[in-house]
Amino acid sequence: MAKILKHWRDAATVIVAARNAKSLNNFDYRLLTIRRHGKSNFMPNTYVFPGGTVDKADFANEWLDLFAENGLKTALNSIINIAGNRPPLFRTQRDSKVPNEVGLRICAIRETFEESGVLLVTDPKNAANPMSRLLELSSLGQIRHGELEQWRERVSGDANVFIELCRSLHCVPDLWSLIEWSDWLTPTDFRKRRFDTAFFVCCIDDTPTAVIDDKEAVDLKWISPMEGLRSHKREELFLAPPQVYEISRLLNFPKLDDLHRFSVERQNAGMDIWLPVRYNATDGVISLFPGDSMYPVNPDFVGQTDIKDLNQTRAESRQSSKHLHRVEIGGTYDMVTYCNIELPYGHVSAISQPLDCDQHNSKL
């Protein structure tokens, strides 16, 4: 696998789930989504979770000095020493002493700050038992909004400034609040714009103030999982397929505490890379994931072959497949997730729509 990593760039994103006192569709939290600029080279005008590509600054050895100076060197072990499977993204050899589990989280936190203004950091004194709580942003309550915006502008211009921010504000990136969730590789038909992206989940007790940067992001919405999928279906916002799938998975968790507990308890089982393999049906596209009856034994990670055509409709393909793990795409806003298998590494399956139903059943 190491030989073919040059065909994509490494990236990280955060599913920020913030508690909300007002329940919506039985969910007591909202998800932060941002709309990418219409001139973006990748997924323009699409609502995605905040995140972006890895910068060398995210893996600067100085980060290890910062954690050590704050007595957190040993605390890093809880996120580094994962017993379960490690995907290639987390096994990549880099010219840095910073573990991938650390650098990818720093990338996700930095990009979230740049795009939304949400700064996922903590007072080092509060990081003693980080995995047992939800992230609270109260430690930054004394920072003036204008001061934070100045830092945001500087970090956006130079990723190396992020560690300067942390030293100046006497905080550290709250790596422990970001729980490993999934690893998505862009399908091969995207050719030159492909990313291997680590998805993390971060649960927050209160909804933070989020403001778009009007550069990479031109709008943002806090959505409940159910309402987000319904808004997509009503063509009120466009979600990328990974977002549709992951939000469908979050339908299992109406309560933020349940999502947080599950994420923390599951993380040590590890995860694997997911490459969606796409087929052209006669009435749309089928995006297959590992475990589906049609998923190839040896998928083409590089993209040496074109998308194959099926002489079947989406429904016919579904009916002829015993094991389903796919997203069927009938149009820009017509995406439906199907999953009837038990996923590896203790992960939860996506709940198959339809979204017209007001009720959904938790699989917990």
# chains A, B, ... in the order shown; residues from 1 in each chain; ligands from 1
call {"tool": "residues_around", "arguments": {"residues": "Asn70 in chain A", "least_positions_apart": "4", "cutoff": "9 Å", "atoms": "only C-alpha atoms", "output": "list in words"}}
result
Asp65, Leu66, Pro124, Lys125 and Val172 of chain A
call {"tool": "write_last_selection", "arguments": {"atoms": "all heavy atoms", "output": "mmCIF file, in the first residue's frame"}}
result
data_model
loop_
_atom_site.group_PDB
_atom_site.id
_atom_site.type_symbol
_atom_site.label_atom_id
_atom_site.label_comp_id
_atom_site.auth_asym_id
_atom_site.auth_seq_id
_atom_site.Cartn_x
_atom_site.Cartn_y
_atom_site.Cartn_z
ATOM 1 N N ASP A 65 7.246 18.790 21.974
ATOM 2 C CA ASP A 65 7.830 19.603 23.048
ATOM 3 C C ASP A 65 6.733 20.295 23.845
ATOM 4 O O ASP A 65 6.790 20.351 25.085
ATOM 5 C CB ASP A 65 8.784 20.643 22.472
ATOM 6 C CG ASP A 65 9.981 20.020 21.767
ATOM 7 O OD1 ASP A 65 10.349 18.884 22.138
ATOM 8 O OD2 ASP A 65 10.538 20.671 20.861
ATOM 9 N N LEU A 66 5.731 20.812 23.142
ATOM 10 C CA LEU A 66 4.637 21.514 23.819
ATOM 11 C C LEU A 66 3.889 20.586 24.770
ATOM 12 O O LEU A 66 3.603 20.948 25.919
ATOM 13 C CB LEU A 66 3.675 22.094 22.786
ATOM 14 C CG LEU A 66 2.432 22.801 23.347
ATOM 15 C CD1 LEU A 66 2.829 24.049 24.135
ATOM 16 C CD2 LEU A 66 1.464 23.168 22.233
ATOM 17 N N PRO A 124 -4.142 22.747 29.578
ATOM 18 C CA PRO A 124 -3.408 21.505 29.867
ATOM 19 C C PRO A 124 -3.801 20.860 31.185
ATOM 20 O O PRO A 124 -3.763 19.632 31.324
ATOM 21 C CB PRO A 124 -1.948 21.968 29.894
ATOM 22 C CG PRO A 124 -1.922 23.179 29.013
ATOM 23 C CD PRO A 124 -3.237 23.856 29.239
ATOM 24 N N LYS A 125 -4.223 21.667 32.166
ATOM 25 C CA LYS A 125 -4.618 21.114 33.467
ATOM 26 C C LYS A 125 -5.888 20.270 33.357
ATOM 27 O O LYS A 125 -6.140 19.418 34.213
ATOM 28 C CB LYS A 125 -4.839 22.253 34.470
ATOM 29 C CG LYS A 125 -3.600 23.091 34.747
ATOM 30 C CD LYS A 125 -3.913 24.236 35.689
ATOM 31 C CE LYS A 125 -2.694 25.108 35.926
ATOM 32 N NZ LYS A 125 -3.014 26.258 36.836
ATOM 33 N N VAL A 172 -3.516 23.698 24.704
ATOM 34 C CA VAL A 172 -3.018 22.658 23.799
ATOM 35 C C VAL A 172 -4.188 22.170 22.949
ATOM 36 O O VAL A 172 -5.338 22.210 23.390
ATOM 37 C CB VAL A 172 -2.404 21.464 24.571
ATOM 38 C CG1 VAL A 172 -1.139 21.877 25.306
ATOM 39 C CG2 VAL A 172 -3.413 20.828 25.512
#
call {"tool": "residues_around", "arguments": {"residues": "Lys322 in chain A", "least_positions_apart": "6", "cutoff": "12 Å", "atoms": "only C-alpha atoms", "output": "number ranges by chain"}}
result
A: 291-295, 316, 338-341
call {"tool": "closest_residue", "arguments": {"among": "A:Ala210, A:Tyr279, A:Leu220, A:Val121", "to": "Pro296 in chain A", "atoms": "only C-alpha atoms"}}
result
A:Tyr279
call {"tool": "atom_distance", "arguments": {"atom1": "CA of Leu76 in chain A", "atom2": "CA of Leu175 in chain A"}}
result
8.3 Å
call {"tool": "closest_atom_pairs", "arguments": {"of": "range 129-218 of chain A", "to": "range 249-259 of chain A", "cutoff": "9 Å", "atoms": "only C-alpha atoms", "output": "Markdown table"}}
result
| residue | atom | partner | partner_atom | distance |
| --- | --- | --- | --- | --- |
| A:Leu134 | CA | A:Asp257 | CA | 8.5 |
| A:Val201 | CA | A:Leu259 | CA | 9.0 |
| A:Cys203 | CA | A:Leu256 | CA | 7.1 |
| A:Ile204 | CA | A:Leu256 | CA | 8.6 |
| A:Asp205 | CA | A:Leu256 | CA | 8.6 |
call {"tool": "residues_around", "arguments": {"residues": "Glu265 in chain A", "least_positions_apart": "4", "cutoff": "10 Å", "atoms": "only C-alpha atoms", "output": "list in words"}}
result
Met131, Ile179, His260, Arg261, Ala269 and Gly346 of chain A
call {"tool": "closest_residue", "arguments": {"among": "A:Cys107, A:Ile212, A:Val16, A:Leu89", "to": "Phe162 in chain A", "atoms": "only C-alpha atoms"}}
result
A:Cys107
call {"tool": "select_by_dssp", "arguments": {"residues": "range 57-301 of chain A", "states": "strand (DSSP E or B)", "output": "NGL selection string"}}
result
:A and (85 or 121-122 or 135 or 172-173 or 179-185 or 195-204 or 217-223 or 239 or 270 or 274 or 277-281 or 284-288)
call {"tool": "write_last_selection", "arguments": {"atoms": "N, CA and C atoms", "output": "compact mmCIF listing (two decimals), in the first residue's frame"}}
result
# COMPACT_ATOMS: atom_id res chain seq x y z
N ASN A 85 -6.84 -2.66 14.32
CA ASN A 85 -6.26 -2.46 12.99
C ASN A 85 -5.95 -0.99 12.72
N VAL A 121 -9.44 23.38 21.63
CA VAL A 121 -8.25 23.32 22.47
C VAL A 121 -8.68 23.21 23.92
N THR A 122 -7.72 22.97 24.79
CA THR A 122 -8.04 22.83 26.21
C THR A 122 -6.90 23.35 27.07
N LEU A 135 -15.80 17.48 25.54
CA LEU A 135 -15.01 18.70 25.46
C LEU A 135 -15.84 19.89 25.90
N VAL A 172 -3.52 23.70 24.70
CA VAL A 172 -3.02 22.66 23.80
C VAL A 172 -4.19 22.17 22.95
N PRO A 173 -3.91 21.71 21.73
CA PRO A 173 -4.99 21.10 20.95
C PRO A 173 -5.58 19.93 21.72
N ILE A 179 -12.19 11.53 18.53
CA ILE A 179 -12.21 10.07 18.57
C ILE A 179 -12.20 9.53 17.14
N GLU A 180 -11.32 8.56 16.87
CA GLU A 180 -11.27 7.96 15.54
C GLU A 180 -12.62 7.36 15.17
N TRP A 181 -13.06 7.65 13.95
CA TRP A 181 -14.37 7.21 13.51
C TRP A 181 -14.32 6.40 12.21
N SER A 182 -13.65 6.94 11.18
CA SER A 182 -13.57 6.23 9.90
C SER A 182 -12.44 6.80 9.07
N ASP A 183 -12.18 6.17 7.93
CA ASP A 183 -11.10 6.57 7.03
C ASP A 183 -11.60 6.39 5.60
N TRP A 184 -11.81 7.49 4.89
CA TRP A 184 -12.38 7.48 3.55
C TRP A 184 -11.33 7.87 2.51
N LEU A 185 -11.26 7.09 1.45
CA LEU A 185 -10.42 7.41 0.31
C LEU A 185 -11.30 7.80 -0.87
N PHE A 195 -8.21 12.23 -1.89
CA PHE A 195 -7.75 12.43 -0.53
C PHE A 195 -8.02 11.18 0.30
N ASP A 196 -7.07 10.84 1.14
CA ASP A 196 -7.28 9.82 2.16
C ASP A 196 -7.55 10.58 3.45
N THR A 197 -8.78 10.53 3.91
CA THR A 197 -9.23 11.41 4.98
C THR A 197 -9.62 10.65 6.24
N ALA A 198 -8.97 11.02 7.33
CA ALA A 198 -9.34 10.49 8.65
C ALA A 198 -10.53 11.28 9.18
N PHE A 199 -11.59 10.57 9.55
CA PHE A 199 -12.78 11.18 10.15
C PHE A 199 -12.72 10.97 11.66
N PHE A 200 -12.85 12.07 12.39
CA PHE A 200 -12.91 12.01 13.85
C PHE A 200 -14.27 12.51 14.31
N VAL A 201 -14.70 12.05 15.47
CA VAL A 201 -15.90 12.56 16.12
C VAL A 201 -15.50 13.36 17.34
N CYS A 202 -16.07 14.54 17.51
CA CYS A 202 -15.81 15.37 18.69
C CYS A 202 -17.15 15.81 19.28
N CYS A 203 -17.42 15.39 20.51
CA CYS A 203 -18.68 15.72 21.19
C CYS A 203 -18.45 16.90 22.14
N ILE A 204 -19.30 17.92 22.03
CA ILE A 204 -19.15 19.15 22.80
C ILE A 204 -20.41 19.37 23.63
N ALA A 217 -14.91 28.47 3.19
CA ALA A 217 -16.30 28.21 3.56
C ALA A 217 -17.13 29.47 3.37
N VAL A 218 -18.33 29.33 2.77
CA VAL A 218 -19.17 30.49 2.50
C VAL A 218 -20.50 30.42 3.24
N ASP A 219 -20.74 29.34 3.95
CA ASP A 219 -21.96 29.21 4.75
C ASP A 219 -21.74 28.07 5.72
N LEU A 220 -22.50 28.07 6.81
CA LEU A 220 -22.45 26.95 7.74
C LEU A 220 -23.83 26.71 8.31
N LYS A 221 -24.07 25.47 8.69
CA LYS A 221 -25.34 25.10 9.29
C LYS A 221 -25.08 24.09 10.41
N TRP A 222 -25.83 24.25 11.50
CA TRP A 222 -25.88 23.25 12.56
C TRP A 222 -27.13 22.41 12.30
N ILE A 223 -26.94 21.12 12.03
CA ILE A 223 -28.06 20.27 11.66
C ILE A 223 -28.14 19.05 12.55
N LEU A 239 -25.25 17.51 0.38
CA LEU A 239 -24.26 16.79 1.18
C LEU A 239 -23.47 15.86 0.27
N GLY A 270 -9.88 -0.13 16.42
CA GLY A 270 -9.25 0.25 15.17
C GLY A 270 -10.24 0.42 14.03
N TRP A 274 -11.59 2.86 3.65
CA TRP A 274 -12.73 2.58 2.79
C TRP A 274 -12.54 3.28 1.46
N VAL A 277 -16.23 1.92 -4.34
CA VAL A 277 -16.09 1.43 -5.72
C VAL A 277 -17.42 1.67 -6.42
N ARG A 278 -17.38 2.44 -7.49
CA ARG A 278 -18.61 2.91 -8.12
C ARG A 278 -18.90 2.15 -9.41
N TYR A 279 -20.19 1.86 -9.61
CA TYR A 279 -20.68 1.22 -10.83
C TYR A 279 -21.79 2.09 -11.42
N ASN A 280 -21.84 2.16 -12.73
CA ASN A 280 -22.92 2.86 -13.41
C ASN A 280 -24.08 1.88 -13.65
N ALA A 281 -25.17 2.08 -12.93
CA ALA A 281 -26.39 1.32 -13.19
C ALA A 281 -27.13 1.99 -14.34
N GLY A 284 -28.63 5.26 -12.64
CA GLY A 284 -27.89 6.00 -11.63
C GLY A 284 -26.54 5.36 -11.34
N VAL A 285 -26.01 5.67 -10.17
CA VAL A 285 -24.70 5.19 -9.75
C VAL A 285 -24.84 4.42 -8.44
N ILE A 286 -24.09 3.34 -8.30
CA ILE A 286 -24.04 2.58 -7.06
C ILE A 286 -22.63 2.70 -6.50
N SER A 287 -22.52 3.21 -5.30
CA SER A 287 -21.23 3.35 -4.63
C SER A 287 -21.12 2.27 -3.58
N LEU A 288 -20.22 1.31 -3.80
CA LEU A 288 -20.11 0.14 -2.94
C LEU A 288 -19.01 0.31 -1.91
call {"tool": "atom_distance", "arguments": {"atom1": "CA of Glu101 in chain A", "atom2": "CA of Tyr245 in chain A"}}
result
23.5 Å
call {"tool": "closest_residue", "arguments": {"among": "A:Phe301, A:Phe238, A:Tyr345, A:Tyr47", "to": "Pro187 in chain A", "atoms": "only C-alpha atoms"}}
result
A:Phe301
call {"tool": "decode", "arguments": {"residues": "range 225-347 of chain A", "atoms": "C-alpha atoms", "output": "PDB file, in the first residue's frame"}}
result
ATOM      1  CA  PRO A 225     -28.722  14.013  11.685  1.00  0.00           C
ATOM      2  CA  MET A 226     -32.323  13.419  10.623  1.00  0.00           C
ATOM      3  CA  GLU A 227     -33.012  17.003   9.582  1.00  0.00           C
ATOM      4  CA  GLY A 228     -29.722  17.192   7.684  1.00  0.00           C
ATOM      5  CA  LEU A 229     -30.628  14.199   5.540  1.00  0.00           C
ATOM      6  CA  ARG A 230     -34.142  15.497   4.997  1.00  0.00           C
ATOM      7  CA  SER A 231     -32.824  18.930   3.986  1.00  0.00           C
ATOM      8  CA  HIS A 232     -30.564  17.239   1.471  1.00  0.00           C
ATOM      9  CA  LYS A 233     -33.502  15.290   0.050  1.00  0.00           C
ATOM     10  CA  ARG A 234     -35.567  18.503  -0.142  1.00  0.00           C
ATOM     11  CA  GLU A 235     -32.680  20.103  -2.099  1.00  0.00           C
ATOM     12  CA  GLU A 236     -32.153  22.719   0.616  1.00  0.00           C
ATOM     13  CA  LEU A 237     -28.496  21.767   0.943  1.00  0.00           C
ATOM     14  CA  PHE A 238     -26.190  19.355  -0.847  1.00  0.00           C
ATOM     15  CA  LEU A 239     -24.264  16.790   1.179  1.00  0.00           C
ATOM     16  CA  ALA A 240     -21.335  14.827  -0.245  1.00  0.00           C
ATOM     17  CA  PRO A 241     -21.782  11.026  -0.266  1.00  0.00           C
ATOM     18  CA  PRO A 242     -19.433  10.446   2.728  1.00  0.00           C
ATOM     19  CA  GLN A 243     -21.498  12.941   4.712  1.00  0.00           C
ATOM     20  CA  VAL A 244     -24.732  11.216   3.686  1.00  0.00           C
ATOM     21  CA  TYR A 245     -23.319   7.877   4.800  1.00  0.00           C
ATOM     22  CA  GLU A 246     -21.842   9.064   8.106  1.00  0.00           C
ATOM     23  CA  ILE A 247     -24.927  11.058   9.033  1.00  0.00           C
ATOM     24  CA  SER A 248     -27.013   7.962   8.247  1.00  0.00           C
ATOM     25  CA  ARG A 249     -24.794   6.136  10.720  1.00  0.00           C
ATOM     26  CA  LEU A 250     -25.415   8.792  13.355  1.00  0.00           C
ATOM     27  CA  LEU A 251     -29.158   8.073  13.159  1.00  0.00           C
ATOM     28  CA  ASN A 252     -28.294   5.319  15.645  1.00  0.00           C
ATOM     29  CA  PHE A 253     -27.524   7.934  18.296  1.00  0.00           C
ATOM     30  CA  PRO A 254     -30.335  10.357  19.198  1.00  0.00           C
ATOM     31  CA  LYS A 255     -28.465  11.206  22.443  1.00  0.00           C
ATOM     32  CA  LEU A 256     -25.072  12.899  22.454  1.00  0.00           C
ATOM     33  CA  ASP A 257     -23.967  10.975  25.530  1.00  0.00           C
ATOM     34  CA  ASP A 258     -24.628   7.688  23.735  1.00  0.00           C
ATOM     35  CA  LEU A 259     -22.627   8.802  20.715  1.00  0.00           C
ATOM     36  CA  HIS A 260     -19.723   9.861  22.908  1.00  0.00           C
ATOM     37  CA  ARG A 261     -19.764   6.663  24.944  1.00  0.00           C
ATOM     38  CA  PHE A 262     -19.898   4.443  21.878  1.00  0.00           C
ATOM     39  CA  SER A 263     -17.104   6.342  20.122  1.00  0.00           C
ATOM     40  CA  VAL A 264     -14.754   6.154  23.085  1.00  0.00           C
ATOM     41  CA  GLU A 265     -15.436   2.475  23.772  1.00  0.00           C
ATOM     42  CA  ARG A 266     -15.075   1.484  20.096  1.00  0.00           C
ATOM     43  CA  GLN A 267     -11.928   3.432  19.227  1.00  0.00           C
ATOM     44  CA  ASN A 268      -9.426   0.848  20.498  1.00  0.00           C
ATOM     45  CA  ALA A 269     -10.825  -1.726  18.019  1.00  0.00           C
ATOM     46  CA  GLY A 270      -9.249   0.254  15.170  1.00  0.00           C
ATOM     47  CA  MET A 271     -10.549   0.705  11.624  1.00  0.00           C
ATOM     48  CA  ASP A 272      -9.648   0.231   7.972  1.00  0.00           C
ATOM     49  CA  ILE A 273      -9.533   2.377   4.856  1.00  0.00           C
ATOM     50  CA  TRP A 274     -12.732   2.580   2.792  1.00  0.00           C
ATOM     51  CA  LEU A 275     -12.466   3.015  -0.946  1.00  0.00           C
ATOM     52  CA  PRO A 276     -15.926   3.466  -2.509  1.00  0.00           C
ATOM     53  CA  VAL A 277     -16.091   1.427  -5.719  1.00  0.00           C
ATOM     54  CA  ARG A 278     -18.610   2.908  -8.124  1.00  0.00           C
ATOM     55  CA  TYR A 279     -20.676   1.223 -10.832  1.00  0.00           C
ATOM     56  CA  ASN A 280     -22.923   2.857 -13.414  1.00  0.00           C
ATOM     57  CA  ALA A 281     -26.390   1.323 -13.192  1.00  0.00           C
ATOM     58  CA  THR A 282     -28.922   1.954 -15.935  1.00  0.00           C
ATOM     59  CA  ASP A 283     -30.684   4.523 -13.729  1.00  0.00           C
ATOM     60  CA  GLY A 284     -27.888   5.995 -11.635  1.00  0.00           C
ATOM     61  CA  VAL A 285     -24.701   5.185  -9.751  1.00  0.00           C
ATOM     62  CA  ILE A 286     -24.038   2.578  -7.060  1.00  0.00           C
ATOM     63  CA  SER A 287     -21.229   3.354  -4.633  1.00  0.00           C
ATOM     64  CA  LEU A 288     -20.106   0.140  -2.939  1.00  0.00           C
ATOM     65  CA  PHE A 289     -18.266  -0.282   0.355  1.00  0.00           C
ATOM     66  CA  PRO A 290     -16.372  -3.242   1.840  1.00  0.00           C
ATOM     67  CA  GLY A 291     -18.686  -6.104   2.766  1.00  0.00           C
ATOM     68  CA  ASP A 292     -21.178  -5.588  -0.052  1.00  0.00           C
ATOM     69  CA  SER A 293     -21.706  -8.688  -2.206  1.00  0.00           C
ATOM     70  CA  MET A 294     -20.535  -6.759  -5.273  1.00  0.00           C
ATOM     71  CA  TYR A 295     -17.450  -5.205  -3.671  1.00  0.00           C
ATOM     72  CA  PRO A 296     -14.300  -6.509  -5.431  1.00  0.00           C
ATOM     73  CA  VAL A 297     -11.904  -8.782  -3.576  1.00  0.00           C
ATOM     74  CA  ASN A 298      -8.956  -6.687  -4.775  1.00  0.00           C
ATOM     75  CA  PRO A 299     -10.208  -3.138  -5.390  1.00  0.00           C
ATOM     76  CA  ASP A 300      -8.304  -0.852  -7.732  1.00  0.00           C
ATOM     77  CA  PHE A 301      -6.906   1.813  -5.398  1.00  0.00           C
ATOM     78  CA  VAL A 302      -4.946   3.623  -8.097  1.00  0.00           C
ATOM     79  CA  GLY A 303      -7.645   3.920 -10.764  1.00  0.00           C
ATOM     80  CA  GLN A 304      -6.162   1.968 -13.635  1.00  0.00           C
ATOM     81  CA  THR A 305      -9.612   0.886 -14.844  1.00  0.00           C
ATOM     82  CA  ASP A 306     -12.680   2.938 -15.705  1.00  0.00           C
ATOM     83  CA  ILE A 307     -16.002   2.739 -13.883  1.00  0.00           C
ATOM     84  CA  LYS A 308     -17.825  -0.386 -14.981  1.00  0.00           C
ATOM     85  CA  ASP A 309     -21.357  -0.378 -16.390  1.00  0.00           C
ATOM     86  CA  LEU A 310     -24.091  -2.652 -15.045  1.00  0.00           C
ATOM     87  CA  ASN A 311     -26.944  -3.892 -17.170  1.00  0.00           C
ATOM     88  CA  GLN A 312     -29.206  -3.486 -14.156  1.00  0.00           C
ATOM     89  CA  THR A 313     -31.170  -0.811 -12.388  1.00  0.00           C
ATOM     90  CA  ARG A 314     -30.181   0.122  -8.846  1.00  0.00           C
ATOM     91  CA  ALA A 315     -33.140  -1.834  -7.495  1.00  0.00           C
ATOM     92  CA  GLU A 316     -32.302  -4.914  -9.571  1.00  0.00           C
ATOM     93  CA  SER A 317     -28.727  -4.864  -8.351  1.00  0.00           C
ATOM     94  CA  ARG A 318     -29.893  -4.481  -4.764  1.00  0.00           C
ATOM     95  CA  GLN A 319     -32.384  -7.345  -5.051  1.00  0.00           C
ATOM     96  CA  SER A 320     -29.736  -9.667  -6.481  1.00  0.00           C
ATOM     97  CA  SER A 321     -27.211  -8.911  -3.723  1.00  0.00           C
ATOM     98  CA  LYS A 322     -27.379 -10.761  -0.427  1.00  0.00           C
ATOM     99  CA  HIS A 323     -25.087  -8.417   1.463  1.00  0.00           C
ATOM    100  CA  LEU A 324     -25.731  -4.715   1.087  1.00  0.00           C
ATOM    101  CA  HIS A 325     -23.297  -1.950   1.988  1.00  0.00           C
ATOM    102  CA  ARG A 326     -23.760   0.869  -0.472  1.00  0.00           C
ATOM    103  CA  VAL A 327     -25.061   4.309  -1.314  1.00  0.00           C
ATOM    104  CA  GLU A 328     -27.330   4.442  -4.349  1.00  0.00           C
ATOM    105  CA  ILE A 329     -27.259   7.719  -6.272  1.00  0.00           C
ATOM    106  CA  GLY A 330     -30.153   8.524  -8.583  1.00  0.00           C
ATOM    107  CA  GLY A 331     -29.350  12.211  -8.922  1.00  0.00           C
ATOM    108  CA  THR A 332     -27.642  15.112  -7.194  1.00  0.00           C
ATOM    109  CA  TYR A 333     -30.026  15.016  -4.226  1.00  0.00           C
ATOM    110  CA  ASP A 334     -31.153  11.427  -4.561  1.00  0.00           C
ATOM    111  CA  MET A 335     -28.842   9.368  -2.332  1.00  0.00           C
ATOM    112  CA  VAL A 336     -29.991   6.412  -0.245  1.00  0.00           C
ATOM    113  CA  THR A 337     -27.827   4.338   2.089  1.00  0.00           C
ATOM    114  CA  TYR A 338     -28.334   0.581   2.372  1.00  0.00           C
ATOM    115  CA  CYS A 339     -26.553  -1.598   4.898  1.00  0.00           C
ATOM    116  CA  ASN A 340     -27.686  -5.013   6.151  1.00  0.00           C
ATOM    117  CA  ILE A 341     -24.319  -6.326   7.350  1.00  0.00           C
ATOM    118  CA  GLU A 342     -22.458  -6.226  10.643  1.00  0.00           C
ATOM    119  CA  LEU A 343     -19.438  -3.981  10.253  1.00  0.00           C
ATOM    120  CA  PRO A 344     -15.980  -4.973  11.496  1.00  0.00           C
ATOM    121  CA  TYR A 345     -14.071  -3.314  14.321  1.00  0.00           C
ATOM    122  CA  GLY A 346     -17.180  -2.994  16.436  1.00  0.00           C
ATOM    123  CA  HIS A 347     -18.573  -0.174  14.321  1.00  0.00           C
TER     124      HIS A 347
END
